[in-house]
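What follows is the content of model-v1.cif, which has mmCIF, C-alpha atoms; chains and numbers go by the auth columns:
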data_run
loop_
_atom_site.group_PDB
_atom_site.id
_atom_site.type_symbol
_atom_site.label_atom_id
_atom_site.label_comp_id
_atom_site.label_asym_id
_atom_site.label_seq_id
_atom_site.Cartn_x
_atom_site.Cartn_y
_atom_site.Cartn_z
_atom_site.B_iso_or_equiv
_atom_site.auth_seq_id
_atom_site.auth_asym_id
ATOM 1 C CA MET A 1 -18.317 -41.695 -1.196 0.00 669 A
ATOM 2 C CA LYS A 2 -21.913 -40.563 -1.113 0.00 670 A
ATOM 3 C CA LEU A 3 -21.779 -40.356 2.679 0.00 671 A
ATOM 4 C CA ASN A 4 -18.596 -38.301 2.407 0.00 672 A
ATOM 5 C CA ASN A 5 -20.253 -35.845 0.051 0.00 673 A
ATOM 6 C CA LYS A 6 -23.299 -35.639 2.276 0.00 674 A
ATOM 7 C CA LEU A 7 -21.091 -34.889 5.268 0.00 675 A
ATOM 8 C CA ARG A 8 -19.304 -32.159 3.315 0.00 676 A
ATOM 9 C CA ILE A 9 -22.566 -30.546 2.262 0.00 677 A
ATOM 10 C CA PHE A 10 -23.874 -30.817 5.821 0.00 678 A
ATOM 11 C CA THR A 11 -20.816 -29.093 7.349 0.00 679 A
ATOM 12 C CA LEU A 12 -20.919 -26.389 4.683 0.00 680 A
ATOM 13 C CA HIS A 13 -24.602 -25.781 5.374 0.00 681 A
ATOM 14 C CA ALA A 14 -23.933 -25.714 9.115 0.00 682 A
ATOM 15 C CA ALA A 15 -21.064 -23.251 8.681 0.00 683 A
ATOM 16 C CA VAL A 16 -23.212 -20.947 6.561 0.00 684 A
ATOM 17 C CA ALA A 17 -26.108 -21.152 9.021 0.00 685 A
ATOM 18 C CA HIS A 18 -23.741 -20.390 11.905 0.00 686 A
ATOM 19 C CA SER A 19 -22.024 -17.431 10.296 0.00 687 A
ATOM 20 C CA LYS A 20 -25.002 -15.708 8.638 0.00 688 A
ATOM 21 C CA PRO A 21 -26.408 -14.047 11.789 0.00 689 A
ATOM 22 C CA ARG A 22 -22.921 -13.138 13.001 0.00 690 A
ATOM 23 C CA LEU A 23 -22.092 -11.577 9.656 0.00 691 A
ATOM 24 C CA ALA A 24 -25.395 -9.691 9.895 0.00 692 A
ATOM 25 C CA THR A 25 -24.433 -8.208 13.292 0.00 693 A
ATOM 26 C CA PHE A 26 -20.973 -7.374 12.002 0.00 694 A
ATOM 27 C CA TRP A 27 -22.464 -5.629 8.971 0.00 695 A
ATOM 28 C CA HIS A 28 -24.977 -3.827 11.202 0.00 696 A
ATOM 29 C CA TYR A 29 -22.141 -2.204 13.154 0.00 697 A
ATOM 30 C CA ALA A 30 -19.605 -1.896 10.337 0.00 698 A
ATOM 31 C CA LYS A 31 -22.112 0.010 8.174 0.00 699 A
ATOM 32 C CA VAL A 32 -21.985 2.868 10.697 0.00 700 A
ATOM 33 C CA GLU A 33 -18.605 2.583 12.389 0.00 701 A
ATOM 34 C CA LEU A 34 -16.151 1.349 9.746 0.00 702 A
ATOM 35 C CA VAL A 35 -17.385 3.428 6.830 0.00 703 A
ATOM 36 C CA PRO A 36 -14.704 5.685 5.258 0.00 704 A
ATOM 37 C CA PRO A 37 -15.199 9.448 5.664 0.00 705 A
ATOM 38 C CA THR A 38 -17.187 11.199 2.913 0.00 706 A
ATOM 39 C CA PRO A 39 -16.009 14.491 1.365 0.00 707 A
ATOM 40 C CA ALA A 40 -19.052 16.135 2.998 0.00 708 A
ATOM 41 C CA GLU A 41 -17.488 15.532 6.409 0.00 709 A
ATOM 42 C CA ILE A 42 -14.322 17.505 5.637 0.00 710 A
ATOM 43 C CA PRO A 43 -15.642 20.812 7.092 0.00 711 A
ATOM 44 C CA THR A 44 -16.420 18.975 10.349 0.00 712 A
ATOM 45 C CA VAL A 45 -12.870 17.629 10.385 0.00 713 A
ATOM 46 C CA ILE A 46 -11.463 21.137 9.899 0.00 714 A
ATOM 47 C CA GLN A 47 -13.619 22.388 12.784 0.00 715 A
ATOM 48 C CA ILE A 48 -12.371 19.651 15.099 0.00 716 A
ATOM 49 C CA LEU A 49 -8.755 20.286 14.127 0.00 717 A
ATOM 50 C CA LYS A 50 -9.185 24.019 14.777 0.00 718 A
ATOM 51 C CA LYS A 51 -10.595 23.216 18.218 0.00 719 A
ATOM 52 C CA ILE A 52 -7.633 20.975 18.986 0.00 720 A
ATOM 53 C CA ILE A 53 -5.107 23.562 17.818 0.00 721 A
ATOM 54 C CA SER A 54 -6.796 26.311 19.844 0.00 722 A
ATOM 55 C CA SER A 55 -6.834 24.095 22.929 0.00 723 A
ATOM 56 C CA ALA A 56 -3.109 23.535 22.423 0.00 724 A
ATOM 57 C CA GLN A 57 -2.477 27.275 22.010 0.00 725 A
ATOM 58 C CA THR A 58 -4.585 28.464 24.959 0.00 726 A
ATOM 59 C CA GLY A 59 -3.373 25.624 27.164 0.00 727 A
ATOM 60 C CA SER A 60 -6.925 24.459 27.827 0.00 728 A
ATOM 61 C CA PHE A 61 -5.859 20.899 27.058 0.00 729 A
ATOM 62 C CA LYS A 62 -4.473 20.789 30.608 0.00 730 A
ATOM 63 C CA GLN A 63 -8.087 20.861 31.827 0.00 731 A
ATOM 64 C CA LEU A 64 -8.686 17.411 30.364 0.00 732 A
ATOM 65 C CA THR A 65 -9.158 14.671 32.925 0.00 733 A
ATOM 66 C CA VAL A 66 -6.627 11.844 32.983 0.00 734 A
ATOM 67 C CA LYS A 67 -9.356 9.455 31.870 0.00 735 A
ATOM 68 C CA GLU A 68 -10.159 11.636 28.854 0.00 736 A
ATOM 69 C CA ALA A 69 -6.488 11.954 27.963 0.00 737 A
ATOM 70 C CA LEU A 70 -5.985 8.183 28.199 0.00 738 A
ATOM 71 C CA LEU A 71 -9.022 7.547 26.007 0.00 739 A
ATOM 72 C CA ASN A 72 -7.736 10.026 23.417 0.00 740 A
ATOM 73 C CA GLY A 73 -4.365 8.280 23.471 0.00 741 A
ATOM 74 C CA LEU A 74 -6.050 4.922 23.031 0.00 742 A
ATOM 75 C CA VAL A 75 -8.087 6.142 20.068 0.00 743 A
ATOM 76 C CA ALA A 76 -4.979 7.657 18.459 0.00 744 A
ATOM 77 C CA THR A 77 -3.105 4.382 18.971 0.00 745 A
ATOM 78 C CA GLU A 78 -5.918 2.419 17.363 0.00 746 A
ATOM 79 C CA ALA A 79 -5.920 4.748 14.354 0.00 747 A
ATOM 80 C CA TRP A 80 -2.128 4.293 14.044 0.00 748 A
ATOM 81 C CA MET A 81 -2.542 0.501 14.128 0.00 749 A
ATOM 82 C CA TRP A 82 -4.406 0.779 10.806 0.00 750 A
ATOM 83 C CA PHE A 83 -1.017 1.825 9.390 0.00 751 A
ATOM 84 C CA TYR A 84 0.411 -1.597 10.248 0.00 752 A
ATOM 85 C CA VAL A 85 -2.718 -3.291 8.889 0.00 753 A
ATOM 86 C CA GLY A 86 -2.045 -1.504 5.600 0.00 754 A
ATOM 87 C CA GLU A 87 1.537 -2.802 5.669 0.00 755 A
ATOM 88 C CA ILE A 88 0.294 -6.359 6.211 0.00 756 A
ATOM 89 C CA ILE A 89 -2.124 -5.998 3.303 0.00 757 A
ATOM 90 C CA ASP A 90 0.641 -4.680 1.071 0.00 758 A
ATOM 91 C CA LYS A 91 3.166 -7.421 1.810 0.00 759 A
ATOM 92 C CA HIS A 92 0.431 -10.121 1.748 0.00 760 A
ATOM 93 C CA GLY A 93 1.749 -11.578 5.001 0.00 761 A
ATOM 94 C CA ILE A 94 2.132 -11.015 8.706 0.00 762 A
ATOM 95 C CA ILE A 95 5.874 -11.659 9.053 0.00 763 A
ATOM 96 C CA GLY A 96 7.841 -8.455 9.301 0.00 764 A
ATOM 97 C CA TYR A 97 11.431 -9.622 9.109 0.00 765 A
ATOM 98 C CA ASN A 98 12.748 -12.290 6.760 0.00 766 A
ATOM 99 C CA VAL A 99 14.764 -14.134 9.394 0.00 767 A
ATOM 100 C CA VAL B 1 -28.569 -4.587 21.542 0.00 685 B
ATOM 101 C CA VAL B 2 -26.013 -1.780 21.738 0.00 686 B
ATOM 102 C CA PRO B 3 -26.587 0.840 19.022 0.00 687 B
ATOM 103 C CA PRO B 4 -23.641 1.525 16.696 0.00 688 B
ATOM 104 C CA VAL B 5 -21.344 4.345 17.770 0.00 689 B
ATOM 105 C CA GLN B 6 -21.164 7.468 15.612 0.00 690 B
ATOM 106 C CA VAL B 7 -17.442 7.710 14.950 0.00 691 B
ATOM 107 C CA SER B 8 -15.992 11.213 14.697 0.00 692 B
ATOM 108 C CA PRO B 9 -14.989 12.029 11.102 0.00 693 B
ATOM 109 C CA LEU B 10 -11.523 13.049 12.277 0.00 694 B
ATOM 110 C CA ILE B 11 -10.958 9.519 13.564 0.00 695 B
ATOM 111 C CA LYS B 12 -12.300 7.999 10.356 0.00 696 B
ATOM 112 C CA LEU B 13 -10.051 10.255 8.286 0.00 697 B
ATOM 113 C CA GLY B 14 -7.071 9.386 10.480 0.00 698 B
ATOM 114 C CA ARG B 15 -7.670 5.640 10.206 0.00 699 B
ATOM 115 C CA TYR B 16 -8.108 5.459 6.461 0.00 700 B
ATOM 116 C CA SER B 17 -5.326 7.916 5.725 0.00 701 B
ATOM 117 C CA ALA B 18 -2.989 5.805 7.893 0.00 702 B
ATOM 118 C CA LEU B 19 -4.028 2.771 5.842 0.00 703 B
ATOM 119 C CA LEU B 20 -3.411 4.465 2.501 0.00 704 B
ATOM 120 C CA LEU B 21 -0.169 6.041 3.709 0.00 705 B
ATOM 121 C CA SER B 22 1.225 2.675 4.746 0.00 706 B
ATOM 122 C CA VAL B 23 0.499 1.104 1.341 0.00 707 B
ATOM 123 C CA ALA B 24 1.972 4.111 -0.482 0.00 708 B
ATOM 124 C CA TYR B 25 5.031 4.048 1.785 0.00 709 B
ATOM 125 C CA ARG B 26 5.644 0.353 1.187 0.00 710 B
ATOM 126 C CA GLU B 27 5.235 0.719 -2.559 0.00 711 B
ATOM 127 C CA SER B 28 7.804 3.527 -2.602 0.00 712 B
ATOM 128 C CA GLN B 29 10.142 1.371 -0.508 0.00 713 B
ATOM 129 C CA ALA B 30 9.703 -1.518 -2.937 0.00 714 B
ATOM 130 C CA LEU B 31 10.917 0.728 -5.755 0.00 715 B
ATOM 131 C CA GLN B 32 14.085 1.456 -3.761 0.00 716 B
ATOM 132 C CA SER B 33 14.696 -2.042 -2.418 0.00 717 B
ATOM 133 C CA PRO B 34 17.989 -3.805 -3.225 0.00 718 B
ATOM 134 C CA GLU B 35 16.067 -6.324 -5.337 0.00 719 B
ATOM 135 C CA THR B 36 14.626 -3.792 -7.750 0.00 720 B
ATOM 136 C CA GLN B 37 17.922 -1.919 -7.865 0.00 721 B
ATOM 137 C CA ALA B 38 19.774 -5.126 -8.726 0.00 722 B
ATOM 138 C CA GLU B 39 17.245 -5.807 -11.471 0.00 723 B
ATOM 139 C CA GLU B 40 17.733 -2.329 -12.887 0.00 724 B
ATOM 140 C CA GLU B 41 21.503 -2.737 -12.787 0.00 725 B
ATOM 141 C CA ARG B 42 21.195 -6.008 -14.670 0.00 726 B
ATOM 142 C CA ARG B 43 19.030 -4.312 -17.266 0.00 727 B
ATOM 143 C CA ILE B 44 21.545 -1.503 -17.701 0.00 728 B
ATOM 144 C CA ALA B 45 24.379 -4.026 -17.878 0.00 729 B
ATOM 145 C CA ALA B 46 22.534 -5.953 -20.580 0.00 730 B
ATOM 146 C CA GLU B 47 22.025 -2.774 -22.609 0.00 731 B
ATOM 147 C CA GLU B 48 25.713 -1.891 -22.188 0.00 732 B
ATOM 148 C CA GLU B 49 26.658 -5.358 -23.388 0.00 733 B
ATOM 149 C CA LYS B 50 24.478 -4.991 -26.456 0.00 734 B
ATOM 150 C CA LYS B 51 26.160 -1.685 -27.280 0.00 735 B
ATOM 151 C CA GLN B 52 29.592 -3.226 -26.799 0.00 736 B
ATOM 152 C CA ASP B 53 28.670 -6.120 -29.113 0.00 737 B
ATOM 153 C CA GLU B 54 27.446 -3.650 -31.728 0.00 738 B
ATOM 154 C CA LEU B 55 30.710 -1.692 -31.554 0.00 739 B
ATOM 155 C CA LYS B 56 32.736 -4.889 -31.831 0.00 740 B
ATOM 156 C CA ARG B 57 30.768 -5.971 -34.835 0.00 741 B
ATOM 157 C CA ILE B 58 31.359 -2.626 -36.524 0.00 742 B
ATOM 158 C CA ALA B 59 35.061 -2.843 -35.708 0.00 743 B
ATOM 159 C CA ARG B 60 35.249 -6.353 -37.203 0.00 744 B
ATOM 160 C CA THR B 61 33.240 -5.899 -40.376 0.00 745 B
ATOM 161 C CA GLY B 62 33.828 -2.176 -40.799 0.00 746 B
ATOM 162 C CA LEU B 63 30.115 -1.729 -41.590 0.00 747 B
ATOM 163 C CA SER B 64 27.282 -0.536 -39.422 0.00 748 B
ATOM 164 C CA ASP B 65 23.736 -1.827 -39.370 0.00 749 B
ATOM 165 C CA ASP B 66 22.540 0.872 -41.742 0.00 750 B
ATOM 166 C CA GLU B 67 25.170 0.263 -44.381 0.00 751 B
ATOM 167 C CA LEU B 68 24.588 -3.515 -44.226 0.00 752 B
#
As structure tokens, what does this structure read like?
Amino acid sequence: MKLNNKLRIFTLHAAVAHSKPRLATFWHYAKVELVPPTPAEIPTVIQILKKIISSAQTGSFKQLTVKEALLNGLVATEAWMWFYVGEIIDKHGIIGYNV
Amino acid sequence: VVPPVQVSPLIKLGRYSALLLSVAYRESQALQSPETQAEEERRIAAEEEKKQDELKRIARTGLSDDEL
């Protein structure tokens, strides 16, 4: 029994030691990239939206390269995926259909 | 090694609003789901039954709760 407990404590310690630096790197990036937008950034958002609308009106969006357009599509898709993540969080499960 | 990317605020707004929208949408759907509607129907049926019992009691005894 004592050996069992020692093994448990050892694996817990090893798991913590393994994950600490990885969590630190994750936090290092998440602090900048995954932070929600602050109200101070709303004017910037309005500026960007105006630029997009004007590019749609003037037709200057046709000057985008295919690579740029694909990247924009990819970013938009990733933002839409957060919708499904929200659904998963709300239903507390991954399964979509109760088959 | 690689510095963190400065994400455009439009993208951040889009991501988090999609997240909140999905939760709000699902909660509104849950209010309309057949389960909650069945529960509400059962509640209404129970109230109806209570009223019917009250009326029957009045018809039998000829007295209402207040007069008793």
(request) Just need the residues of chain A within 8 Å of chain B, counting all atoms listed in the file, so spit them out as a PyMOL selection string. (result) chain A and resi 696-697+700-705+709-710+712-713+716-717+743-744+747-748+750-755+757-758
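CA of Trp695 (chain A) to CA of Leu675 (chain A) spans 29.5 Å [interatomic distance, one decimal].
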(request) Enter the distance from CA of Tyr765 (chain A) to CA of Arg726 (chain B), in Å, rounded to one decimal. (result)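 Taking CA of Tyr765 (chain A) and CA of Arg726 (chain B), their separation equals 26.0 Å.
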